[in-house]
Amino acid sequence: MPSSGVMQLHVYGIPNCDTVRAALKWLQARGAPYTFHDFRKEGVPGDELRSWLASSYGPGLLNKRSATWRQLSAEQKQAAGSDPVPLFQQHPTLIKRPVITDGESVLAVGFSPEKLEELV
């Protein structure tokens, strides 16, 4: 955390996602410090994904409304129920976006101005 007491947020997502763009625009408009992590290009390490899944936000990370989810085989969907990490790494668009962390803990999943207002 910077010495000013303002939390540096880490925003994970893909840049062409409307929800991610809305969250980034919201943060920029308020001058909130953040870094952006494009998980399509940069990936997300398995241990970090497991940490996210173990958080209270874990149950909501799998985006079953995505086009990618609809294209998966029944076997892949069943495997996602027991361990979604390999699928998340192979198909990052299965992760609900954005994932916002403080560098260690998940603070929010999805874009909620009310939730972000609590963080900045």
# chains A, B, ... in the order shown; residues from 1 in each chain; ligands from 1
$ residues_around --residues "Lys96 of chain A" --least-positions-apart "3" --cutoff "7 Å" --atoms "only C-alpha atoms" --output "short mmCIF file (atom, residue, chain, number, x, y, z; two decimals) with N, CA and C atoms, in the first residue's frame"
data_model
loop_
_atom_site.label_atom_id
_atom_site.label_comp_id
_atom_site.auth_asym_id
_atom_site.auth_seq_id
_atom_site.Cartn_x
_atom_site.Cartn_y
_atom_site.Cartn_z
N LEU A 61 -16.83 -17.07 -9.39
CA LEU A 61 -15.78 -16.83 -10.39
C LEU A 61 -16.07 -17.48 -11.74
N LEU A 62 -16.71 -18.63 -11.74
CA LEU A 62 -16.98 -19.32 -13.00
C LEU A 62 -18.15 -18.65 -13.71
N ASN A 63 -17.87 -18.10 -14.88
CA ASN A 63 -18.87 -17.38 -15.65
C ASN A 63 -19.62 -18.35 -16.58
N VAL A 109 -15.60 -9.04 -7.40
CA VAL A 109 -15.70 -9.73 -8.69
C VAL A 109 -16.88 -9.12 -9.41
N GLY A 110 -16.66 -8.69 -10.64
CA GLY A 110 -17.69 -7.97 -11.38
C GLY A 110 -17.58 -6.48 -11.05
#
$ select_by_dssp --residues "chain A" --states "strand (DSSP E)" --output "PyMOL selection string"
chain A and resi 9-13+34-38+99-101+106-109
$ atom_distance --atom1 "atom CA of Thr35 of chain A" --atom2 "atom CA of Gly103 of chain A"
9.8 Å
$ residues_around --residues "Trp52 of chain A" --least-positions-apart "4" --cutoff "10 Å" --atoms "only C-alpha atoms" --output "count of residues only"
15
$ closest_residue --among "A:Gln71, A:Tyr34, A:Leu116, A:Phe111" --to "Thr19 of chain A" --atoms "only C-alpha atoms"
A:Phe111
